[in-house]
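Engineer: Supplied structure: model-v2.cif, mmCIF, C-alpha atoms.
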data_my_file
#
loop_
_atom_site.label_atom_id
_atom_site.label_comp_id
_atom_site.auth_asym_id
_atom_site.auth_seq_id
_atom_site.Cartn_x
_atom_site.Cartn_y
_atom_site.Cartn_z
CA MET A 1 -139.93 110.33 73.92
CA LYS A 2 -143.43 110.76 75.31
CA ILE A 3 -143.22 110.19 79.07
CA GLY A 4 -145.78 109.66 81.83
CA ILE A 5 -144.99 110.33 85.50
CA VAL A 6 -146.68 108.45 88.35
CA ASN A 7 -145.87 109.95 91.74
CA ASP A 8 -147.94 111.39 94.60
CA ALA A 9 -145.20 113.73 95.89
CA PRO A 10 -145.24 117.17 94.20
CA ILE A 11 -141.58 117.76 95.08
CA ALA A 12 -140.58 114.49 93.37
CA VAL A 13 -142.70 115.30 90.31
CA GLU A 14 -140.97 118.67 90.04
CA ALA A 15 -137.57 117.00 90.37
CA LEU A 16 -138.44 114.65 87.52
CA ARG A 17 -139.83 117.48 85.42
CA ARG A 18 -136.62 119.52 85.84
CA THR A 19 -134.51 116.49 85.05
CA LEU A 20 -136.39 115.77 81.84
CA LEU A 21 -136.05 119.39 80.73
CA GLN A 22 -132.35 118.65 80.23
CA ARG A 23 -133.30 116.48 77.23
CA PRO A 24 -135.26 118.59 74.70
CA GLY A 25 -136.55 115.45 72.96
CA HIS A 26 -138.57 114.31 76.00
CA GLU A 27 -142.19 115.37 76.46
CA ILE A 28 -144.25 114.79 79.61
CA ILE A 29 -147.71 113.89 78.31
CA TRP A 30 -149.41 113.27 81.65
CA ILE A 31 -148.85 113.08 85.41
CA ALA A 32 -150.75 110.73 87.73
CA GLU A 33 -150.77 110.93 91.53
CA GLU A 34 -151.45 107.22 92.05
CA GLY A 35 -151.57 103.92 90.20
CA LYS A 36 -155.28 103.75 89.38
CA ARG A 37 -155.17 107.13 87.65
CA ALA A 38 -152.01 106.03 85.80
CA ILE A 39 -153.87 103.01 84.41
CA GLU A 40 -156.66 105.28 83.14
CA LEU A 41 -154.27 107.76 81.58
CA CYS A 42 -152.18 105.01 80.01
CA ALA A 43 -155.29 103.56 78.38
CA TRP A 44 -156.16 107.04 77.07
CA GLN A 45 -152.66 107.87 75.82
CA THR A 46 -149.95 105.23 76.10
CA PRO A 47 -146.53 106.86 76.53
CA ASP A 48 -143.18 105.54 75.35
CA LEU A 49 -141.97 105.43 78.96
CA ILE A 50 -143.51 105.67 82.43
CA LEU A 51 -141.52 106.85 85.46
CA MET A 52 -143.31 104.89 88.18
CA ASP A 53 -143.12 105.43 91.95
CA LEU A 54 -143.70 102.44 94.24
CA ILE A 55 -145.41 103.71 97.39
CA MET A 56 -148.62 105.62 96.56
CA PRO A 57 -152.21 105.86 97.83
CA VAL A 58 -155.15 104.05 96.20
CA LEU A 59 -152.97 101.74 94.05
CA ASP A 60 -149.24 101.14 94.47
CA GLY A 61 -146.62 101.05 91.73
CA VAL A 62 -146.29 97.26 91.63
CA SER A 63 -150.03 96.75 91.07
CA ALA A 64 -150.13 99.53 88.49
CA THR A 65 -147.15 98.03 86.65
CA ARG A 66 -148.81 94.60 86.58
CA HIS A 67 -152.06 96.02 85.12
CA ILE A 68 -150.38 98.29 82.57
CA MET A 69 -148.06 95.56 81.27
CA ALA A 70 -151.06 93.23 80.89
CA HIS A 71 -153.36 95.69 79.11
CA THR A 72 -151.48 98.69 77.64
CA PRO A 73 -147.82 97.63 77.76
CA CYS A 74 -145.04 100.19 77.53
CA ALA A 75 -141.60 100.73 79.01
CA ILE A 76 -141.69 101.30 82.79
CA LEU A 77 -138.80 102.58 84.89
CA ILE A 78 -139.25 102.49 88.66
CA VAL A 79 -138.21 105.87 90.12
CA THR A 80 -138.71 105.96 93.86
CA GLY A 81 -137.33 107.81 96.88
CA ASP A 82 -135.16 104.96 98.18
CA VAL A 83 -134.73 101.85 96.05
CA GLY A 84 -132.67 100.15 98.74
CA ALA A 85 -135.51 100.39 101.26
CA ASN A 86 -137.99 98.86 98.80
CA VAL A 87 -135.99 96.04 97.23
CA SER A 88 -138.77 93.46 97.50
CA ALA A 89 -141.23 95.76 95.73
CA VAL A 90 -138.62 96.56 93.07
CA TYR A 91 -138.23 92.84 92.26
CA ASP A 92 -142.00 92.42 92.18
CA ALA A 93 -142.31 95.30 89.71
CA MET A 94 -139.50 93.92 87.56
CA ALA A 95 -141.16 90.51 87.63
CA HIS A 96 -144.24 92.13 86.07
CA GLY A 97 -142.20 93.83 83.34
CA ALA A 98 -140.56 96.98 84.73
CA ILE A 99 -137.20 97.43 83.05
CA ASP A 100 -135.10 98.85 85.89
CA ALA A 101 -135.21 100.97 89.04
CA ILE A 102 -133.43 104.07 90.31
CA ASP A 103 -133.68 106.58 93.14
CA THR A 104 -135.57 109.82 92.55
CA PRO A 105 -133.04 112.45 91.36
CA SER A 106 -131.77 115.06 93.79
CA THR A 107 -132.83 118.16 91.85
CA LEU A 108 -134.93 119.30 94.76
CA ILE A 109 -134.72 116.55 97.36
CA GLY A 110 -131.09 117.16 98.24
CA TYR A 111 -129.70 113.67 98.77
CA PRO A 112 -126.13 113.65 97.42
CA ARG A 113 -126.32 109.94 96.51
CA ASN A 114 -129.08 110.62 93.99
CA ASP A 115 -127.77 111.49 90.58
CA VAL A 116 -129.69 113.31 87.87
CA ASN A 117 -127.21 112.08 85.26
CA SER A 118 -127.82 108.46 86.29
CA LEU A 119 -131.54 108.82 85.62
CA LEU A 120 -130.92 110.51 82.27
CA SER A 121 -128.46 107.76 81.35
CA LYS A 122 -131.05 105.07 82.10
CA ILE A 123 -133.68 106.92 80.07
CA ASP A 124 -131.21 107.23 77.18
CA SER A 125 -130.58 103.47 77.31
CA ILE A 126 -134.31 102.74 77.33
CA GLU A 127 -134.78 105.02 74.32
CA LYS A 128 -132.15 102.98 72.45
CA LEU A 129 -134.03 99.81 73.36
CA LEU A 130 -137.28 101.26 72.09
CA ASN A 131 -135.67 102.36 68.85
CA GLN A 132 -134.25 98.87 68.32
CA ARG A 133 -137.63 97.30 69.12
CA GLN A 134 -139.31 99.43 66.47
CA SER A 135 -136.82 98.17 63.89
CA THR A 136 -137.48 94.51 64.80
CA PRO A 137 -139.59 92.74 62.14
CA GLU A 138 -143.21 92.31 63.19
CA HIS A 139 -143.62 88.83 61.75
CA SER A 140 -142.50 85.76 63.67
CA VAL A 141 -141.71 82.25 62.58
CA PRO A 142 -144.13 79.66 63.98
CA ALA A 143 -142.85 77.15 66.49
CA PRO A 144 -141.45 73.98 64.93
CA ALA A 145 -144.18 71.41 64.31
CA ALA A 146 -142.95 69.04 66.99
CA GLU A 147 -143.22 71.80 69.60
CA SER A 148 -146.17 73.87 68.40
CA ALA A 149 -148.87 71.81 70.12
CA VAL A 150 -146.97 72.06 73.39
CA ALA A 151 -146.37 75.78 72.98
CA THR A 152 -150.10 76.53 72.82
CA ASN A 153 -150.74 75.04 76.25
CA THR A 154 -149.77 77.66 78.83
CA ALA A 155 -151.65 76.25 81.81
CA ALA A 156 -149.52 76.10 84.93
CA THR A 157 -149.31 72.33 85.00
CA PRO A 158 -146.50 70.76 87.02
CA VAL A 159 -143.45 69.66 85.08
CA TYR A 160 -142.91 66.47 87.08
CA SER A 161 -145.40 64.01 88.53
CA LYS A 162 -142.53 62.40 90.41
CA LYS A 163 -138.84 63.11 90.94
CA PRO A 164 -137.10 62.66 87.58
CA VAL A 165 -134.28 60.17 87.14
CA LEU A 166 -131.31 62.26 86.06
CA SER A 167 -128.01 61.48 84.42
CA PRO A 168 -124.77 61.95 86.38
CA PRO A 169 -123.39 65.52 86.59
CA ASP A 170 -121.59 66.71 83.48
CA SER A 171 -119.30 69.72 83.88
CA LYS A 172 -119.13 70.04 80.10
CA TYR A 173 -122.89 70.63 79.65
CA LEU A 174 -123.96 74.26 79.89
CA ILE A 175 -127.42 75.84 80.04
CA ALA A 176 -127.05 79.51 78.96
CA ILE A 177 -130.08 81.64 79.89
CA GLY A 178 -130.87 85.25 78.99
CA ALA A 179 -133.70 87.42 80.35
CA SER A 180 -134.73 91.04 80.66
CA ALA A 181 -138.03 92.78 81.54
CA GLY A 182 -140.24 90.24 83.30
CA GLY A 183 -137.23 87.98 83.71
CA PRO A 184 -137.17 87.63 87.50
CA ALA A 185 -140.60 85.96 87.52
CA ALA A 186 -139.78 83.78 84.50
CA LEU A 187 -136.47 82.72 86.04
CA ALA A 188 -138.19 81.92 89.33
CA VAL A 189 -140.63 79.61 87.53
CA LEU A 190 -137.89 77.91 85.53
CA LEU A 191 -135.42 77.46 88.41
CA SER A 192 -138.09 76.34 90.88
CA GLN A 193 -138.92 73.42 88.57
CA LEU A 194 -135.34 72.15 88.27
CA PRO A 195 -134.20 69.60 90.86
CA ALA A 196 -131.29 70.21 93.21
CA ASP A 197 -129.26 67.51 91.45
CA PHE A 198 -129.77 68.92 87.95
CA PRO A 199 -126.63 67.64 86.22
CA ALA A 200 -125.71 70.57 83.97
CA ALA A 201 -124.16 73.96 84.72
CA LEU A 202 -126.41 77.03 84.49
CA VAL A 203 -125.34 80.61 83.75
CA VAL A 204 -127.92 83.42 83.68
CA VAL A 205 -127.60 86.88 82.16
CA GLN A 206 -130.45 89.09 83.40
CA HIS A 207 -130.59 92.77 82.47
CA VAL A 208 -130.36 94.35 85.90
CA ASP A 209 -128.42 97.20 87.45
CA ALA A 210 -125.36 95.99 89.36
CA GLN A 211 -126.74 97.38 92.65
CA PHE A 212 -129.64 94.92 92.45
CA ALA A 213 -127.71 91.88 91.25
CA SER A 214 -126.73 90.52 94.67
CA GLY A 215 -130.26 90.88 96.03
CA MET A 216 -131.65 89.23 92.91
CA ALA A 217 -129.30 86.28 93.36
CA ASP A 218 -130.56 85.88 96.93
CA TRP A 219 -134.19 86.19 95.80
CA LEU A 220 -133.80 83.65 92.99
CA GLY A 221 -131.97 81.35 95.40
CA SER A 222 -135.03 81.36 97.64
CA GLN A 223 -137.05 80.10 94.66
CA SER A 224 -134.56 77.44 93.56
CA ALA A 225 -133.47 74.06 94.89
CA MET A 226 -129.98 74.96 93.66
CA PRO A 227 -127.89 77.78 95.12
CA VAL A 228 -127.77 80.97 93.07
CA ARG A 229 -124.78 83.29 93.35
CA LEU A 230 -123.10 86.05 91.39
CA ALA A 231 -120.55 84.98 88.82
CA LYS A 232 -117.03 86.15 89.56
CA ALA A 233 -114.15 86.54 87.12
CA GLY A 234 -112.33 83.20 86.91
CA ASP A 235 -115.36 81.10 87.88
CA SER A 236 -116.00 77.84 86.05
CA PRO A 237 -119.66 76.90 85.47
CA THR A 238 -120.36 73.69 87.38
CA PRO A 239 -123.46 71.51 87.87
CA GLY A 240 -125.52 72.16 90.97
CA CYS A 241 -125.02 75.92 91.07
CA VAL A 242 -126.62 78.79 89.15
CA LEU A 243 -124.28 81.64 88.26
CA LEU A 244 -125.84 85.07 87.66
CA ALA A 245 -124.10 87.94 85.85
CA GLY A 246 -123.31 90.42 88.59
CA THR A 247 -121.92 93.66 87.16
CA ASP A 248 -122.74 96.27 84.52
CA ASP A 249 -119.94 94.81 82.38
CA HIS A 250 -120.62 91.93 80.02
CA LEU A 251 -120.24 88.37 81.31
CA ARG A 252 -118.52 86.09 78.81
CA LEU A 253 -116.35 83.02 78.54
CA THR A 254 -112.69 83.97 78.44
CA ARG A 255 -111.45 80.37 78.16
CA PRO A 256 -113.25 77.11 77.33
CA PHE A 257 -114.54 76.63 80.91
CA GLN A 258 -113.82 80.00 82.53
CA LEU A 259 -115.93 83.13 82.96
CA GLY A 260 -114.85 86.75 83.00
CA TYR A 261 -116.15 90.27 82.50
CA THR A 262 -115.45 92.81 79.79
CA GLU A 263 -116.44 96.44 79.21
CA GLN A 264 -116.52 95.90 75.47
CA PRO A 265 -118.59 96.45 73.44
CA SER A 266 -119.13 99.71 75.29
CA GLY A 267 -121.90 101.05 73.06
CA TYR A 268 -124.45 98.31 73.75
CA PRO A 269 -127.68 99.59 75.34
CA TYR A 270 -127.89 96.21 77.11
CA ARG A 271 -125.52 95.73 80.02
CA PRO A 272 -124.79 92.95 80.70
CA SER A 273 -125.48 91.74 77.17
CA ILE A 274 -127.02 88.34 76.47
CA ASP A 275 -125.68 88.37 72.91
CA VAL A 276 -122.13 88.84 74.18
CA PHE A 277 -122.45 85.82 76.46
CA PHE A 278 -124.17 83.58 73.90
CA GLN A 279 -121.55 84.46 71.27
CA SER A 280 -118.76 83.59 73.70
CA VAL A 281 -120.40 80.19 74.26
CA VAL A 282 -120.33 79.61 70.50
CA GLU A 283 -116.69 80.67 70.29
CA LEU A 284 -115.19 79.07 73.39
CA TRP A 285 -117.38 76.51 75.18
CA ALA A 286 -115.73 73.11 74.84
CA GLY A 287 -118.77 70.95 75.50
CA LYS A 288 -122.49 70.69 74.83
CA ALA A 289 -124.85 73.59 75.48
CA VAL A 290 -128.47 74.71 75.40
CA GLY A 291 -129.50 78.34 74.89
CA VAL A 292 -132.67 79.74 76.50
CA LEU A 293 -134.06 83.22 75.77
CA LEU A 294 -136.79 84.48 78.08
CA THR A 295 -139.07 87.52 78.24
CA GLY A 296 -137.60 90.96 77.63
CA MET A 297 -137.79 94.22 75.72
CA GLY A 298 -135.69 94.77 72.61
CA ARG A 299 -133.75 92.11 70.76
CA ASP A 300 -130.71 91.27 72.90
CA GLY A 301 -129.94 87.57 72.76
CA ALA A 302 -131.73 86.88 69.48
CA ILE A 303 -128.62 86.97 67.30
CA GLY A 304 -126.63 85.03 69.89
CA LEU A 305 -129.34 82.38 70.15
CA LYS A 306 -129.30 82.04 66.37
CA ALA A 307 -125.53 81.59 66.45
CA MET A 308 -125.94 78.86 69.08
CA ARG A 309 -128.54 77.08 66.95
CA ASP A 310 -126.37 77.38 63.85
CA LYS A 311 -123.54 75.68 65.74
CA GLY A 312 -125.81 72.76 66.58
CA TYR A 313 -126.75 73.65 70.15
CA TYR A 314 -130.40 73.18 71.11
CA THR A 315 -132.19 76.51 71.61
CA ILE A 316 -135.43 77.54 73.34
CA ALA A 317 -137.38 80.81 73.30
CA GLN A 318 -140.24 81.69 75.64
CA ASP A 319 -143.65 81.92 73.97
CA GLN A 320 -145.67 85.11 73.63
CA LYS A 321 -148.50 84.23 76.00
CA SER A 322 -146.27 83.57 79.00
CA SER A 323 -143.88 86.48 78.30
CA ALA A 324 -144.36 89.69 80.29
CA VAL A 325 -142.69 91.51 77.37
CA TYR A 326 -142.58 89.69 74.04
CA GLY A 327 -139.59 91.49 72.57
CA MET A 328 -136.42 89.40 72.74
CA PRO A 329 -138.17 86.04 72.17
CA LYS A 330 -140.09 87.56 69.27
CA ALA A 331 -136.84 88.78 67.71
CA ALA A 332 -135.43 85.27 68.12
CA ALA A 333 -138.52 83.76 66.47
CA SER A 334 -138.20 86.16 63.54
CA LEU A 335 -134.64 84.90 63.00
CA ASN A 336 -135.70 81.24 63.31
CA ALA A 337 -133.24 81.07 66.20
CA ALA A 338 -135.23 78.67 68.40
CA ASP A 339 -135.63 74.92 68.05
CA ALA A 340 -138.57 75.17 70.46
CA ILE A 341 -140.92 77.98 71.49
CA LEU A 342 -142.40 77.09 74.86
CA PRO A 343 -144.41 78.54 77.76
CA VAL A 344 -142.08 79.28 80.63
CA ASN A 345 -143.56 76.58 82.87
CA GLN A 346 -142.55 73.88 80.37
CA ILE A 347 -138.94 74.93 79.77
CA ALA A 348 -137.51 73.16 82.83
CA GLY A 349 -139.07 69.86 81.81
CA LYS A 350 -137.63 70.26 78.33
CA LEU A 351 -134.17 70.90 79.77
CA VAL A 352 -134.37 67.75 81.89
CA SER A 353 -135.40 65.75 78.81
CA ILE A 354 -132.54 67.15 76.74
CA ILE A 355 -129.93 66.46 79.42
CA ASN A 356 -131.15 62.89 79.90
CA LYS A 357 -130.75 62.19 76.18
CA ARG A 358 -127.08 63.22 76.05
#
As structure tokens - that is how I would like this structure written.
Structural biologist:
Amino acid sequence: MKIGIVNDAPIAVEALRRTLLQRPGHEIIWIAEEGKRAIELCAWQTPDLILMDLIMPVLDGVSATRHIMAHTPCAILIVTGDVGANVSAVYDAMAHGAIDAIDTPSTLIGYPRNDVNSLLSKIDSIEKLLNQRQSTPEHSVPAPAAESAVATNTAATPVYSKKPVLSPPDSKYLIAIGASAGGPAALAVLLSQLPADFPAALVVVQHVDAQFASGMADWLGSQSAMPVRLAKAGDSPTPGCVLLAGTDDHLRLTRPFQLGYTEQPSGYPYRPSIDVFFQSVVELWAGKAVGVLLTGMGRDGAIGLKAMRDKGYYTIAQDQKSSAVYGMPKAAASLNAADAILPVNQIAGKLVSIINKR
């Protein structure tokens, strides 16, 4: 892979350089000392992957990530001295399309908790995602006629002019949501527009390292009228609470109304996998369901969304204009997996309409 490094600390740059030397297939094509220079270099030569620091002079990593993903998009992995001390900035960067975050490796810095192999493992996973994205068909199926006019309007108009009248809670109605790069921001928009008494259960699979999952649940909860917490093995999805996949294992249904985690399939580059969860809904959910696939790199969730549609469940994919990374929704569109292709700010209203028609 062709890799760009954005970091103002020479010792960190050298640590990254030595780490990448352990994979002969990786080539460092440029190094930037701050975000503004990274934007210029990315426009000149867009790499396959950028290793982006957060705290830098002139322009920080969050602002650089936002600009790059809007103008010269590519895979971005946040690599910073202490992820735990910069959690808010990490979520901001992921909201703008960064794939993941990890501490700077300890090649030279000397912190035992930092692991060179962990960084290489993340880069290997991203390379698999990029390879799968390149094999995804470039064409996409247009939105269904009934939805296409709506899908072209991406203005941030409110979903409700007044509080909606909702049906009674239904523990047998499930909203299954998958998201990846750019997902935190998309999920915040969607959840913020659902009322506290939304009568269906919601389960979210967001590609995120397990160490960030708890903080992400707290952050999404601050954006939502409903509580958001990590799903635990044995939990049953219930209305009024959003359950978020919380480990590096795959969240799935193990019984008709019960969640669990599994290591298998172990070879998936996506952990937790949206496809695994969607497929388990098709196989085991004993009620009605809606599948929603949001922004993300690669194609995870596309096949599962198609399986949900084939079973008769209503399915929604985020549109290109409102997606930070139009990978997973594009793959779903190419499979004709979505009943509706919508801007993210109109998905909540659609869900309310669907639930009220049950």
Engineer: Counting only C-alpha atoms, note down every residue that has an atom within 8 Å of the point (-158.2, 106.4, 91.1) (file coordinates), as a list of chain:residue names.
Structural biologist: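 Every residue inside that radius is included here: A:Glu34, A:Gly35, A:Lys36, A:Arg37, A:Val58, A:Leu59.
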Engineer: Find, counting all atoms listed in the file, the residue in A:Asn86, A:Ser118, A:Ser125, A:Thr315 that gets nearest to Gly215 of chain A.
Structural biologist: A:Asn86
Engineer: Using the chain letters and residue numbers of this document, give as a compact mmCIF listing (two decimals) with C-alpha atoms, in the frame of the given file the residues selected by the PyMOL selection byres ((chain A and resi 263-268) around 10).
Structural biologist:
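As a result, selection34.txt now contains:
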# COMPACT_ATOMS: atom_id res chain seq x y z
CA SER A 125 -130.58 103.47 77.31
CA LYS A 128 -132.15 102.98 72.45
CA LEU A 129 -134.03 99.81 73.36
CA ASP A 248 -122.74 96.27 84.52
CA ASP A 249 -119.94 94.81 82.38
CA HIS A 250 -120.62 91.93 80.02
CA LEU A 251 -120.24 88.37 81.31
CA TYR A 261 -116.15 90.27 82.50
CA THR A 262 -115.45 92.81 79.79
CA PRO A 269 -127.68 99.59 75.34
CA TYR A 270 -127.89 96.21 77.11
CA ARG A 271 -125.52 95.73 80.02
CA PRO A 272 -124.79 92.95 80.70
CA SER A 273 -125.48 91.74 77.17
CA VAL A 276 -122.13 88.84 74.18
CA ASP A 300 -130.71 91.27 72.90
Engineer: Rounded to one decimal, what separation in Å do you get between atom CA of Ser353 of chain A and atom CA of Val290 of chain A?
Structural biologist: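 So the two atoms, atom CA of Ser353 of chain A and atom CA of Val290 of chain A, lie 11.8 Å apart.
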Engineer: From the list A:Gly4, A:Gly287, A:Pro10, A:Pro329, which residue is nearest Ile175 of chain A when using all atoms listed in the file?
Structural biologist: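 Residue with the minimum atom-to-atom distance to Ile175 of chain A: A:Gly287.
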Engineer: Would you compute the distance between atom CA of Leu230 of chain A and atom CA of Ala245 of chain A? Give it in Å to one decimal.
Structural biologist: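 If I compute the distance from atom CA of Leu230 of chain A to atom CA of Ala245 of chain A, I get 5.9 Å.
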Engineer: Need the neighbours of (-149.3, 93.7, 90.2): which residues are at most 12 Å away, counting only C-alpha atoms, as a ChimeraX atom specification?
Structural biologist: /A:35-36,39,54,59-71,89-98,182,185,324
Engineer: What is the atom CA of Ala289 of chain A to atom CA of Pro184 of chain A distance in Å?
Structural biologist: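 Result for atom CA of Ala289 of chain A versus atom CA of Pro184 of chain A: 22.2 Å, one decimal.
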Engineer: Near Gln320 of chain A, counting only C-alpha atoms, which residues have an atom at most 9 Å away, once you skip same-chain residues fewer than 5 positions from it, shown as an mmCIF file with C-alpha atoms, keeping the file's coordinate frame?
Structural biologist:
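The resulting selection_31.cif:
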data_model
loop_
_atom_site.group_PDB
_atom_site.id
_atom_site.type_symbol
_atom_site.label_atom_id
_atom_site.label_comp_id
_atom_site.auth_asym_id
_atom_site.auth_seq_id
_atom_site.Cartn_x
_atom_site.Cartn_y
_atom_site.Cartn_z
ATOM 1 C CA THR A 295 -139.070 87.520 78.240
ATOM 2 C CA VAL A 325 -142.690 91.510 77.370
ATOM 3 C CA TYR A 326 -142.580 89.690 74.040
ATOM 4 C CA GLY A 327 -139.590 91.490 72.570
ATOM 5 C CA PRO A 329 -138.170 86.040 72.170
ATOM 6 C CA LYS A 330 -140.090 87.560 69.270
ATOM 7 C CA ILE A 341 -140.920 77.980 71.490
ATOM 8 C CA LEU A 342 -142.400 77.090 74.860
ATOM 9 C CA PRO A 343 -144.410 78.540 77.760
#
Engineer: Can you pull out every residue within 10 Å of Leu120 of chain A, counting all atoms listed in the file, but drop anything in the same chain fewer than 6 positions away, and send it as a list in words?
Structural biologist: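 After dropping sequence-adjacent residues, the list is Thr19, Leu20, Gln22, Arg23, Pro105 and Ile126 of chain A.
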Engineer: Between A:Arg18, A:Lys306, A:Lys311, A:Lys122, single out the one closest to Leu77 of chain A, counting only C-alpha atoms.
Structural biologist: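 Checking each of A:Arg18, A:Lys306, A:Lys311, A:Lys122 against Leu77 of chain A, counting only C-alpha atoms, the winner is A:Lys122.
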Engineer: Given the file shown, enumerate the residues that the PyMOL selection byres ((chain A and resi 244) around 10) captures and present them as number ranges by chain.
Structural biologist: A: 177, 202-206, 213-214, 216-217, 220, 228-232, 241-243, 245-247, 251
Engineer: Rank A:Ile28, A:Ala201, A:Val79, A:Ala101 by their smallest atom-to-atom distance to Ile355 of chain A, using all atoms listed in the file, and report the top residue only.
Structural biologist: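 The shortest atom-to-atom distance to Ile355 of chain A comes from A:Ala201.
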Engineer: Skip Phe198 of chain A itself and residues of its chain fewer than 2 positions away, then list as a PyMOL selection string all residues within 7 Å of it, counting all atoms listed in the file.
Structural biologist: chain A and resi 194-196+200+239-240
Engineer: Nearest to Ser224 of chain A: which of A:Asn345, A:Leu190, A:Asp209, A:Asp100 is it, counting all atoms listed in the file?
Structural biologist: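 Answer, going by the shortest atom-to-atom distance: A:Leu190.
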Engineer: Got a sec to resolve the PyMOL selection byres ((chain A and resi 299) around 6) on this structure and send the residues as a PyMOL selection string?
Structural biologist: chain A and resi 298+300+302+328+331
Engineer: Return the single residue from A:Glu283, A:Asp339, A:Asp115, A:Asp103 that is closest to Gln318 of chain A, with distances computed using all atoms listed in the file.
Structural biologist: A:Asp339
